[in-house]
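For reference, input.cif (mmCIF, C-alpha atoms):
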```
data_target
#
loop_
_atom_site.label_atom_id
_atom_site.label_comp_id
_atom_site.auth_asym_id
_atom_site.auth_seq_id
_atom_site.Cartn_x
_atom_site.Cartn_y
_atom_site.Cartn_z
CA MET A 19 0.00 0.00 0.00
CA LEU A 20 1.33 3.42 -0.95
CA ILE A 21 1.23 6.20 1.63
CA ASP A 22 1.99 9.90 1.45
CA GLY A 23 5.68 10.80 1.65
CA THR A 24 5.02 13.21 4.52
CA VAL A 25 4.19 10.44 6.97
CA GLY A 26 6.52 10.37 9.96
CA ALA A 27 8.92 7.51 10.65
CA GLU A 28 6.89 5.98 13.50
CA ALA A 29 3.68 6.02 11.47
CA GLU A 30 5.49 4.54 8.47
CA ALA A 31 6.83 1.73 10.67
CA ALA A 32 3.31 1.06 11.98
CA VAL A 33 1.94 0.98 8.42
CA ARG A 34 4.64 -1.53 7.45
CA ARG A 35 3.81 -3.73 10.44
CA LEU A 36 0.12 -3.58 9.49
CA ALA A 37 0.87 -4.44 5.86
CA ARG A 38 2.95 -7.44 6.98
CA VAL A 39 -0.07 -8.81 8.84
CA LEU A 40 -1.68 -9.48 5.46
CA ALA A 41 1.28 -11.62 4.37
CA GLU A 42 1.39 -13.78 7.49
CA ARG A 43 -0.01 -17.26 7.26
CA ILE A 44 -2.33 -17.11 10.24
CA PRO A 45 -6.13 -17.24 10.34
CA PRO A 46 -7.73 -13.92 9.36
CA SER A 47 -9.37 -13.56 12.78
CA SER A 48 -5.97 -13.91 14.48
CA ALA A 49 -4.41 -11.50 12.00
CA LEU A 50 -7.18 -9.01 12.80
CA THR A 51 -6.31 -9.26 16.49
CA VAL A 52 -2.64 -8.62 15.70
CA ALA A 53 -3.49 -5.67 13.44
CA VAL A 54 -5.65 -3.95 16.07
CA ALA A 55 -2.99 -4.54 18.74
CA THR A 56 -0.39 -3.01 16.42
CA THR A 57 -2.56 0.06 15.88
CA GLU A 58 -3.30 0.35 19.59
CA ALA A 59 0.41 0.17 20.44
CA HIS A 60 1.16 2.88 17.87
CA VAL A 61 -1.51 5.19 19.31
CA ASP A 62 -0.31 4.58 22.87
CA THR A 63 3.28 5.31 21.82
CA THR A 64 2.15 8.50 20.08
CA ILE A 65 0.30 9.65 23.21
CA GLN A 66 3.34 8.84 25.34
CA GLN A 67 5.59 10.86 23.02
CA LEU A 68 3.22 13.82 23.21
CA LEU A 69 3.15 13.51 27.00
CA ASP A 70 6.95 13.37 27.15
CA LEU A 71 7.22 16.55 25.06
CA SER A 72 4.57 18.36 27.06
CA PRO A 73 5.71 21.44 28.99
CA VAL A 74 3.59 20.13 31.86
CA ARG A 75 6.35 17.55 32.37
CA ARG A 76 8.65 20.33 33.48
CA SER A 77 6.91 20.67 36.84
CA LYS A 78 6.91 18.12 39.62
CA LEU A 79 3.12 18.38 39.97
CA GLY A 80 2.55 18.04 36.22
CA ASP A 81 4.83 15.03 36.04
CA PHE A 82 3.03 13.42 39.00
CA LEU A 83 -0.42 14.00 37.48
CA ILE A 84 0.62 12.64 34.10
CA GLU A 85 2.19 9.54 35.62
CA ARG A 86 -0.86 8.95 37.77
CA SER A 87 -3.33 9.20 34.91
CA THR A 88 -1.37 7.69 32.00
CA SER A 89 -2.94 4.26 32.39
CA ALA A 90 -6.41 5.84 32.19
CA PHE A 91 -5.55 7.28 28.77
CA LYS A 92 -4.86 3.77 27.49
CA GLN A 93 -7.94 1.95 28.74
CA THR A 94 -10.43 2.75 25.98
CA TRP A 95 -10.41 4.19 22.49
CA SER A 96 -12.66 7.03 23.62
CA SER A 97 -10.16 7.98 26.35
CA ARG A 98 -7.29 7.85 23.83
CA HIS A 99 -9.20 10.12 21.47
CA GLN A 100 -10.20 12.42 24.32
CA VAL A 101 -6.61 12.96 25.49
CA LEU A 102 -5.45 13.47 21.90
CA ARG A 103 -8.22 15.99 21.16
CA GLU A 104 -8.53 17.82 24.47
CA GLY A 105 -5.02 17.41 25.80
CA PHE A 106 -3.04 18.05 22.65
CA GLY A 107 -5.44 19.54 20.09
CA VAL A 108 -5.04 16.51 17.82
CA ALA A 109 -8.16 16.36 15.65
CA ILE A 110 -8.24 13.22 13.52
CA GLU A 111 -10.11 13.87 10.30
CA PRO A 112 -12.26 12.79 8.60
CA GLN A 113 -14.51 11.41 11.32
CA THR A 114 -15.19 8.30 9.22
CA VAL A 115 -11.58 7.24 9.82
CA ILE A 116 -12.32 6.99 13.55
CA GLN A 117 -15.66 5.27 12.89
CA ASN A 118 -13.92 2.69 10.71
CA LEU A 119 -11.25 2.12 13.36
CA LEU A 120 -13.94 1.51 15.97
CA LEU A 121 -15.73 -0.92 13.64
CA VAL A 122 -12.52 -2.93 13.23
CA VAL A 123 -12.02 -2.84 17.01
CA ASP A 124 -15.58 -4.15 17.44
CA ALA A 125 -14.79 -7.02 15.08
CA ARG A 126 -11.60 -7.79 16.99
CA ASN A 127 -13.52 -7.66 20.27
CA ALA A 128 -15.91 -10.30 18.95
CA PHE A 129 -12.93 -12.63 18.57
CA ALA A 130 -11.01 -11.55 21.65
CA HIS A 131 -13.98 -11.54 24.02
CA GLY A 132 -16.78 -13.40 22.27
CA ASP A 133 -15.09 -16.42 20.67
CA GLY A 134 -15.98 -15.16 17.19
CA ALA A 135 -19.40 -13.82 18.07
CA LEU A 136 -20.67 -10.42 19.05
CA THR A 137 -20.39 -10.11 22.81
CA GLU A 138 -23.26 -9.57 25.18
CA PHE A 139 -22.07 -5.99 25.61
CA GLN A 140 -22.17 -5.48 21.83
CA THR A 141 -25.68 -6.93 21.54
CA ALA A 142 -27.17 -5.36 24.69
CA ASN A 143 -28.65 -2.52 22.64
CA TRP A 144 -30.77 -4.02 19.85
CA SER A 145 -30.49 -1.12 17.40
CA ARG A 146 -26.73 -0.77 18.02
CA ALA A 147 -26.29 -4.53 17.46
CA ASN A 148 -28.17 -4.37 14.14
CA GLU A 149 -26.12 -1.36 13.07
CA LEU A 150 -22.94 -3.21 13.98
CA ARG A 151 -23.96 -6.31 11.99
CA ARG A 152 -24.91 -4.14 9.01
CA ASP A 153 -21.63 -2.18 9.11
CA MET A 154 -19.56 -5.35 9.43
CA ARG A 155 -21.22 -6.72 6.30
CA ARG A 156 -21.29 -3.48 4.34
CA LYS A 157 -18.00 -1.84 5.32
CA LEU A 158 -15.78 -4.76 6.39
CA HIS A 159 -17.24 -7.30 3.94
CA ALA A 160 -17.38 -9.75 6.85
CA THR A 161 -19.88 -12.58 6.92
CA VAL A 162 -22.27 -12.18 9.84
CA VAL A 163 -24.62 -15.00 10.80
CA GLY A 164 -26.66 -14.17 13.87
CA ARG A 165 -24.01 -13.11 16.39
CA SER A 166 -21.15 -14.98 14.66
CA ILE A 167 -18.66 -13.13 12.51
CA ILE A 168 -16.44 -14.68 9.86
CA ILE A 169 -13.39 -12.68 8.84
CA THR A 170 -12.24 -13.67 5.37
CA PRO A 171 -8.93 -12.71 3.76
CA GLU A 172 -10.88 -10.03 1.85
CA SER A 173 -12.44 -8.58 5.00
CA LEU A 174 -9.06 -8.70 6.74
CA GLU A 175 -7.56 -6.65 3.91
CA VAL A 176 -10.38 -4.10 4.19
CA ALA A 177 -9.84 -3.91 7.97
CA VAL A 178 -6.09 -3.44 7.62
CA ARG A 179 -6.62 -0.68 5.06
CA MET A 180 -8.95 1.04 7.53
CA LEU A 181 -6.32 0.77 10.26
CA ILE A 182 -3.63 2.14 7.94
CA ALA A 183 -5.89 5.06 7.02
CA TYR A 184 -6.33 5.74 10.72
CA VAL A 185 -2.56 5.66 11.42
CA VAL A 186 -1.91 8.05 8.52
CA ALA A 187 -4.73 10.41 9.64
CA LEU A 188 -3.41 10.35 13.21
CA ASP A 189 0.08 11.19 12.00
CA ALA A 190 -1.22 14.14 9.96
CA ALA A 191 -3.29 15.39 12.90
CA VAL A 192 -0.34 15.17 15.28
CA ALA A 193 1.91 16.98 12.81
CA ALA A 194 -0.70 19.74 12.39
CA ALA A 195 -1.16 20.10 16.16
CA VAL A 196 2.59 20.17 16.84
CA SER A 197 3.26 22.73 14.07
CA SER A 198 0.50 25.02 15.37
CA VAL A 199 2.16 25.04 18.82
CA SER A 200 5.65 25.71 17.46
#
```
Is it possible to express this structure as structure tokens?
Amino acid sequence: MLIDGTVGAEAEAAVRRLARVLAERIPPSSALTVAVATTEAHVDTTIQQLLDLSPVRRSKLGDFLIERSTSAFKQTWSSRHQVLREGFGVAIEPQTVIQNLLLVVDARNAFAHGDGALTEFQTANWSRANELRRDMRRKLHATVVGRSIIITPESLEVAVRMLIAYVVALDAAVAAAVSSVS
């Protein structure tokens, strides 16, 4: 997959790791789990780098507060996006890139927490569950039968492309936020 030449080194490395997932000879559902973990690690590293560069780190109190709350930033995708947006002014655009990321994460969660099926949490809200099934079929090209999800090599490739688009959008948003501060 070709990416813009302005992508930073860390984002380029993450994109390469994601692209390699497609070449590995592991089941697509396992590859999906690896791809999401790779993306999550990249985002967490990006947040940590922003925290390390923060002027707040120059005070004992600021350093204490950051250290105390760092694990909270890494617990959910919404908390990651909140600290990026509100803490550093990193606005990932377009919004569909985030929506696609979250769809891929939902698919991964079905395998990581639901043994290949939508979890009880994912199906607790009937309309949300139907929307999730529809989006997995329509956007991910995954086969959905009842609560079960089947990730094919085609749907894995779609998911990895969505994750790569997210990594590239995150890199552009970080670069824009950092240059506006400088």
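Using only C-alpha atoms, the shortest contact distance between Ile167 (chain A) and any of A:Ala125, A:Leu150, A:Ala195, A:Ile182 is found at A:Ala125.
Nearest residue to Gly26 (chain A) among A:Leu71, A:Glu175, A:Thr64, A:Val115 is A:Thr64, counting all atoms listed in the file.
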Nearby residues, (-9.6, 12.8, 9.5) file frame, 10 Å, all atoms listed in the file, as a PyMOL selection string = chain A and resi 109-116+183-184+186-188+190-191
ask   = Which residues fall under the PyMOL selection byres ((chain A and resi 45) around 12) in this file, as a list in words?
value =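 Selected by the PyMOL selection byres ((chain A and resi 45) around 12) here: Val39, Leu40, Ala41, Glu42, Arg43, Ile44, Pro46, Ser47, Ser48, Ala49, Leu50, Thr51, Val52, Phe129, Ile168, Ile169, Thr170, Pro171, Ser173 and Leu174 of chain A.
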request  = Select, from A:Arg165, A:Arg86, A:Arg38, A:Lys78, the residue with the minimum atom-to-atom distance to Glu138 (chain A), counting all atoms listed in the file.
outcome  =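 With all atoms listed in the file as the atom set, the closest residue is A:Arg165.
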ask   = When the PyMOL selection byres ((chain A and resi 59) around 12) is applied to the file above, which residues end up in the set, as a ChimeraX atom specification?
value = /A:28-29,31-32,35-36,52-58,60-66,92-93,95,98,185
task = Mind giving me the straight-line distance from CA of Gly164 (chain A) to CA of Asn127 (chain A) in Å, one decimal?
result =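 Value for the CA of Gly164 (chain A)-CA of Asn127 (chain A) distance: 16.0 Å.
Note that the spacing between CA of Leu69 (chain A) and CA of Arg126 (chain A) amounts to 27.8 Å.
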message = What does the structure give for the distance between CA of Pro73 (chain A) and CA of Glu30 (chain A), in Å to one decimal?
response =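 Value for the CA of Pro73 (chain A)-CA of Glu30 (chain A) distance: 26.6 Å.
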What's the 12 Å shell around Val74 (chain A), counting all atoms listed in the file, without same-chain residues fewer than 5 positions away, as a CSV table (one decimal) with C-alpha atoms, keeping the file's coordinate frame?
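The resulting result-v2.csv:
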```
chain,number,residue,atom,x,y,z
A,68,LEU,CA,3.2,13.8,23.2
A,69,LEU,CA,3.2,13.5,27.0
A,79,LEU,CA,3.1,18.4,40.0
A,80,GLY,CA,2.6,18.0,36.2
A,81,ASP,CA,4.8,15.0,36.0
A,82,PHE,CA,3.0,13.4,39.0
A,83,LEU,CA,-0.4,14.0,37.5
A,84,ILE,CA,0.6,12.6,34.1
A,85,GLU,CA,2.2,9.5,35.6
A,105,GLY,CA,-5.0,17.4,25.8
A,106,PHE,CA,-3.0,18.0,22.6
```
